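A short worksheet on the structure shown next.
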Amino acid sequence: MIRLDRVRKSFGSVEALRDVSLEVAAGEFVAIVGASGCGKSTLLRLIAGLVQPTAGHVVLDGRAVTEPRAETAMVFQAATLLPWADVLRNVTFPLRLMRRAGGDTEARARALLATAGLAGFEHRLPRELSGGMQQRVAICRALLQDPRVLLMDEPFGALDALTREEMSLELLRIWQGREMAVVFVTHSIPEAVLLADRVVVMSPRPGRIAEIIPVELPRPRGFEQEGSPAFQAAAQRIRALIYGGRASHAA
Amino acid sequence: MRRSLPSLIAVAVLFLGWEALCRGFGIRPFILPMPSLILHDTLAAWPNVLAHTWATLGTVLLGFAASVAVSLPLAMLIAASPTISAALYPILVITQSIPKVALAPILIVALGANELPRVIVTFLVAFFPLVVGTVAGLLATPPELIELGRACRAGRVQELLRIRLPFAVPFVFGGLKVAAALAVVGAVVAEFVGADAGLGYLIQTSMAFFRTPLAFGAVVILAIMGILLFQAVTLAERILFPWSSGAASPPTSS
Ligand SMILES: Nc1ncnc2c1ncn2[C@@H]1O[C@H](COP(=O)(O)OP(=O)(O)O)[C@@H](O)[C@H]1O
Ligand SMILES: [Mg+2]
């Protein structure tokens, strides 16, 4: 449903992406890994319609993406909640902004917050929540839009390791119950392998796709699969691509 | 209450020291009256003083309201477009470099000796920090929030009203507090030049007849008026925008 066709994106003289072609099927979970500055965020922004490609095409459902679309939703690295609005109003903000809020919006928001373990926090202000809770609010905000494409830019990057694992599993559970493609940028190789159907490995300067690695692990997934040969093989391959010729292990 | 106790004690000590100084050195009241005499003379003329106080308060509130009514739309215009900003900012700065005391007599000749020129002078003194504060707030909105708005298909107007303006609220209130204090200054300046009522007028006429204690009384009332207006703005912020006044800093991702 998403198709990038030989996409190039330059910012002035900086070539952020070169010749990127990628297809994401409806309902597919794709992870993107790569060093800082190799254009991962730019790639998400292109799919979101927040920036336009310098060359090539970004197509969603057969139509070129020229502006943000109602069927995509984005989760940023920081929660980016409105400091003046309580949790409930933060979650409903996009729908209200797009005039898509209906009579059941608030009830659906409350139900989503409850599944995210945030029942009882509906009327708290963002600054009263921990970082993990804020990020869950941001994810609920994206999910309430019922997106067919969910774009996540290092959504768990600011969280501690335990919260991070817990939220990865939560995300998988939510994704399994929906018809929703996810493009998930992360710095964590195990996270990418655990979550994704395919892992896109990018290389820097200029940002390109080095290789796309399918992850042949049965679903539902869990951290107990981390020891399995398929998991290890995928993780090893990704590491080799990212670190290139350099040693991928300390002497 | 407990936190304001030290400042109350400090003020009390100041007034007692002042009283002792005047009595000890026998300073003549028309040069520096002692606090007890100020209180006595002010209370003696109380109905009169009260009428002047209401007159000044009226000018202050009208001028303050005018600066709010003009500053907020003006700030939005300036923040909305670099071109408008480039066109308007120099004019604003010019209005700030003109001494308002110099402008007051001109306005009074042009507009007549009524409330209008006084309100205009008050407005001119008060509105600038409000514009500057509001513009700063509108432009300080984090780019992530702007991008969130864009991802939600917000247009320019929606971005301004639903994201930038709410974000600017703490900045607006910072400007409102300064404007409230300055509005008192502006009203008194205007009354010095052309008025038949008001505390500024009272100070001038009292000094003309060497009734220094009464002039001091008017100054004290002006100070109290400034403090109360400042507190009223602070209270309004706390009631209307609890998230603004309570926040030491914007929420972080930690
Ligand atoms: N708005 C922008 N203006 C100028 N340069 C940008 C902009 N956004 C990204 N870049 C540049 O593009 C490259 C890729 O950035 P980004 O997509 O943020 O990488 P990543 O998310 O993988 O760390 C970087 O060199 C960055 O400096
Ligand atoms: Mg990035």
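Here, A, B, ... name the chains of the structure tokens in the order displayed, residue numbers run from 1 inside each chain, and ligands are numbered from 1 in the same displayed order.
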Check: Near stretch 85-96 of chain B, counting only C-alpha atoms, which residues have an atom at most 12 Å away, once you skip same-chain residues fewer than 3 positions from it, shown as a ChimeraX atom specification?
Finding: /B:71,74-82,99-103,121,123-132,135,139
Item checked: Within 12 Å of ligand 2, counting only C-alpha atoms and all ligand atoms, residues as a count of residues only -> 29
Check: Any idea what's packed within 6 Å of A:Val59, counting only C-alpha atoms, ignoring anything in its chain fewer than 5 positions away? Could you give it as a PyMOL selection string?
Finding: chain A and resi 2-3+64-65
Item checked: Residues near stretch 47-62 of chain B, cut-off 10 Å, only C-alpha atoms, skip fewer than 3 positions along chain, as an MDAnalysis selection string -> chainID B and resid 42:44 65:68 115:123 126 180:188 190:191 195:202 214 217:218 221:222 225:226 229
Counting only C-alpha atoms, what is within 8 Å of A:Arg18, bar same-chain residues fewer than 2 positions away, as a compact mmCIF listing (two decimals) with N, CA and C atoms, in the first residue's frame?
# COMPACT_ATOMS: atom_id res chain seq x y z
N ARG A 6 12.40 5.04 -6.16
CA ARG A 6 13.65 5.78 -6.42
C ARG A 6 13.59 7.20 -5.84
N VAL A 7 13.33 7.26 -4.54
CA VAL A 7 13.16 8.54 -3.88
C VAL A 7 14.50 9.14 -3.50
N ARG A 8 14.66 10.42 -3.86
CA ARG A 8 15.84 11.16 -3.42
C ARG A 8 15.34 12.38 -2.64
N LYS A 9 16.04 12.71 -1.55
CA LYS A 9 15.67 13.90 -0.80
C LYS A 9 16.94 14.66 -0.41
N GLU A 15 22.55 15.51 0.93
CA GLU A 15 21.70 14.49 0.35
C GLU A 15 21.29 13.54 1.46
N ALA A 16 20.06 13.67 1.93
CA ALA A 16 19.62 12.85 3.07
C ALA A 16 19.26 11.44 2.62
N VAL A 20 15.98 5.59 -2.88
CA VAL A 20 15.33 4.67 -1.94
C VAL A 20 14.05 4.13 -2.57
N PRO A 206 25.42 9.06 1.35
CA PRO A 206 24.03 9.48 1.58
C PRO A 206 23.18 8.33 2.08
N GLY A 207 22.04 8.62 2.66
CA GLY A 207 21.18 7.56 3.18
C GLY A 207 20.64 6.68 2.07
N ARG A 208 20.92 5.39 2.19
CA ARG A 208 20.42 4.42 1.20
C ARG A 208 19.93 3.19 1.94
Check: By how many Å are atom CA of B:Ile98 and atom CA of B:Gly133 apart?
Finding: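 Straight-line distance from atom CA of B:Ile98 to atom CA of B:Gly133 works out to 20.3 Å.
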Next item on the list: Name the residues in contact with stretch 141-149 of chain B at a cut-off of 10 Å, using only C-alpha atoms, excluding same-chain residues fewer than 6 positions from it; report them as a ChimeraX atom specification.
Entry: /A:45,50,73-82,93-94,97-98 /B:155-156,158-160,162-168
Store the residues picked out above, limited to N, CA, C and O atoms, as a compact mmCIF listing (two decimals), in the first residue's frame.
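Result went into selection_38.txt, see below:
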# COMPACT_ATOMS: atom_id res chain seq x y z
N ARG A 45 9.03 11.09 7.34
CA ARG A 45 8.37 12.36 7.00
C ARG A 45 7.87 12.35 5.56
O ARG A 45 6.84 12.92 5.26
N LEU A 50 4.89 15.07 5.17
CA LEU A 50 5.35 16.30 5.81
C LEU A 50 6.43 16.99 4.98
O LEU A 50 6.61 18.20 5.07
N ALA A 73 -0.82 8.09 10.66
CA ALA A 73 -0.63 8.75 11.96
C ALA A 73 0.82 8.57 12.36
O ALA A 73 1.47 7.61 11.96
N MET A 74 1.33 9.51 13.14
CA MET A 74 2.75 9.52 13.43
C MET A 74 2.97 9.55 14.95
O MET A 74 2.28 10.25 15.66
N VAL A 75 3.98 8.79 15.40
CA VAL A 75 4.43 8.86 16.79
C VAL A 75 5.88 9.31 16.77
O VAL A 75 6.71 8.68 16.11
N PHE A 76 6.16 10.40 17.46
CA PHE A 76 7.51 10.96 17.44
C PHE A 76 8.35 10.39 18.58
O PHE A 76 7.84 9.76 19.49
N GLN A 77 9.65 10.68 18.52
CA GLN A 77 10.55 10.17 19.57
C GLN A 77 10.17 10.73 20.94
O GLN A 77 10.08 10.01 21.92
N ALA A 78 9.95 12.05 20.99
CA ALA A 78 9.42 12.64 22.23
C ALA A 78 7.91 12.58 22.14
O ALA A 78 7.34 12.54 21.06
N ALA A 79 7.25 12.54 23.30
CA ALA A 79 5.79 12.35 23.29
C ALA A 79 5.07 13.50 22.60
O ALA A 79 3.99 13.32 22.06
N THR A 80 5.67 14.69 22.61
CA THR A 80 5.06 15.91 22.03
C THR A 80 3.59 16.03 22.37
O THR A 80 2.74 16.12 21.50
N LEU A 81 3.31 16.03 23.68
CA LEU A 81 1.93 16.26 24.11
C LEU A 81 1.72 17.76 24.30
O LEU A 81 2.68 18.50 24.52
N LEU A 82 0.47 18.18 24.20
CA LEU A 82 0.16 19.57 24.45
C LEU A 82 0.20 19.80 25.95
O LEU A 82 -0.54 19.15 26.69
N PHE A 93 -7.06 15.14 20.40
CA PHE A 93 -6.67 16.38 19.69
C PHE A 93 -6.64 16.24 18.17
O PHE A 93 -7.25 17.06 17.46
N PRO A 94 -5.98 15.21 17.61
CA PRO A 94 -5.94 15.12 16.13
C PRO A 94 -7.32 15.04 15.51
O PRO A 94 -7.61 15.72 14.53
N LEU A 97 -8.94 18.33 15.69
CA LEU A 97 -8.30 19.25 14.74
C LEU A 97 -8.78 18.97 13.32
O LEU A 97 -8.99 19.88 12.53
N MET A 98 -8.96 17.69 13.00
CA MET A 98 -9.38 17.32 11.64
C MET A 98 -10.89 17.30 11.51
O MET A 98 -11.42 16.85 10.50
N GLY B 155 -4.28 23.82 9.21
CA GLY B 155 -3.90 24.95 8.37
C GLY B 155 -3.21 26.01 9.22
O GLY B 155 -3.01 25.83 10.42
N ARG B 156 -2.84 27.12 8.57
CA ARG B 156 -2.13 28.19 9.27
C ARG B 156 -2.95 28.75 10.43
O ARG B 156 -2.43 28.97 11.52
N GLN B 158 -5.51 27.35 12.05
CA GLN B 158 -5.67 26.36 13.11
C GLN B 158 -4.39 26.23 13.93
O GLN B 158 -4.42 26.13 15.14
N GLU B 159 -3.25 26.24 13.21
CA GLU B 159 -1.97 26.12 13.91
C GLU B 159 -1.81 27.27 14.90
O GLU B 159 -1.40 27.08 16.05
N LEU B 160 -2.19 28.48 14.44
CA LEU B 160 -2.06 29.65 15.30
C LEU B 160 -2.99 29.55 16.50
O LEU B 160 -2.57 29.75 17.65
N ARG B 162 -4.87 26.88 17.68
CA ARG B 162 -4.98 25.66 18.48
C ARG B 162 -3.65 25.22 19.08
O ARG B 162 -3.62 24.42 20.00
N ILE B 163 -2.53 25.72 18.51
CA ILE B 163 -1.24 25.27 19.01
C ILE B 163 -0.40 26.44 19.51
O ILE B 163 0.00 26.48 20.68
N ARG B 164 -0.14 27.43 18.64
CA ARG B 164 0.75 28.51 19.04
C ARG B 164 0.16 29.36 20.17
O ARG B 164 0.84 29.69 21.13
N LEU B 165 -1.11 29.72 20.03
CA LEU B 165 -1.71 30.62 21.02
C LEU B 165 -1.78 29.98 22.41
O LEU B 165 -1.35 30.60 23.39
N PRO B 166 -2.29 28.74 22.52
CA PRO B 166 -2.28 28.13 23.86
C PRO B 166 -0.86 28.02 24.42
O PRO B 166 -0.64 28.25 25.61
N PHE B 167 0.10 27.70 23.54
CA PHE B 167 1.47 27.57 24.04
C PHE B 167 1.98 28.90 24.58
O PHE B 167 2.78 28.95 25.51
N ALA B 168 1.49 30.01 23.99
CA ALA B 168 1.99 31.33 24.36
C ALA B 168 1.35 31.86 25.65
O ALA B 168 1.80 32.89 26.16
Next item on the list: Just the residues within 10 Å of A:Ile213, please, counting only C-alpha atoms, with nothing from its chain fewer than 4 positions along; format it as an MDAnalysis selection string.
Entry: chainID A and resid 30:31 193 196:201 234:235 237:238
Checklist line | Using only C-alpha atoms and all ligand atoms: which of A:Ser168, A:Thr54, A:Thr115, A:Ser13 has the shortest distance to ligand 1 | finding: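 Checking each of A:Ser168, A:Thr54, A:Thr115, A:Ser13 against ligand 1, counting only C-alpha atoms and all ligand atoms, the winner is A:Ser13.
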Next item on the list: Work out how far apart atom CA of A:Arg124 and atom CA of A:Leu88 are and give it in Å to one decimal.
Entry: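 Computing it gives 8.3 Å between the two atoms.
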Check: Hey, can you check how far atom CA of A:Leu22 sits from atom 23 (O, counted along the ligand's line) of ligand 1?
Finding: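 Between atom CA of A:Leu22 and atom 23 (O, counted along the ligand's line) of ligand 1 the gap works out to 18.4 Å.
Of the residues listed (A:Leu129, A:Val182, A:Leu17, A:Gln176), A:Leu17 shows the shortest atom-to-atom separation from ligand 1; distances use only C-alpha atoms and all ligand atoms.
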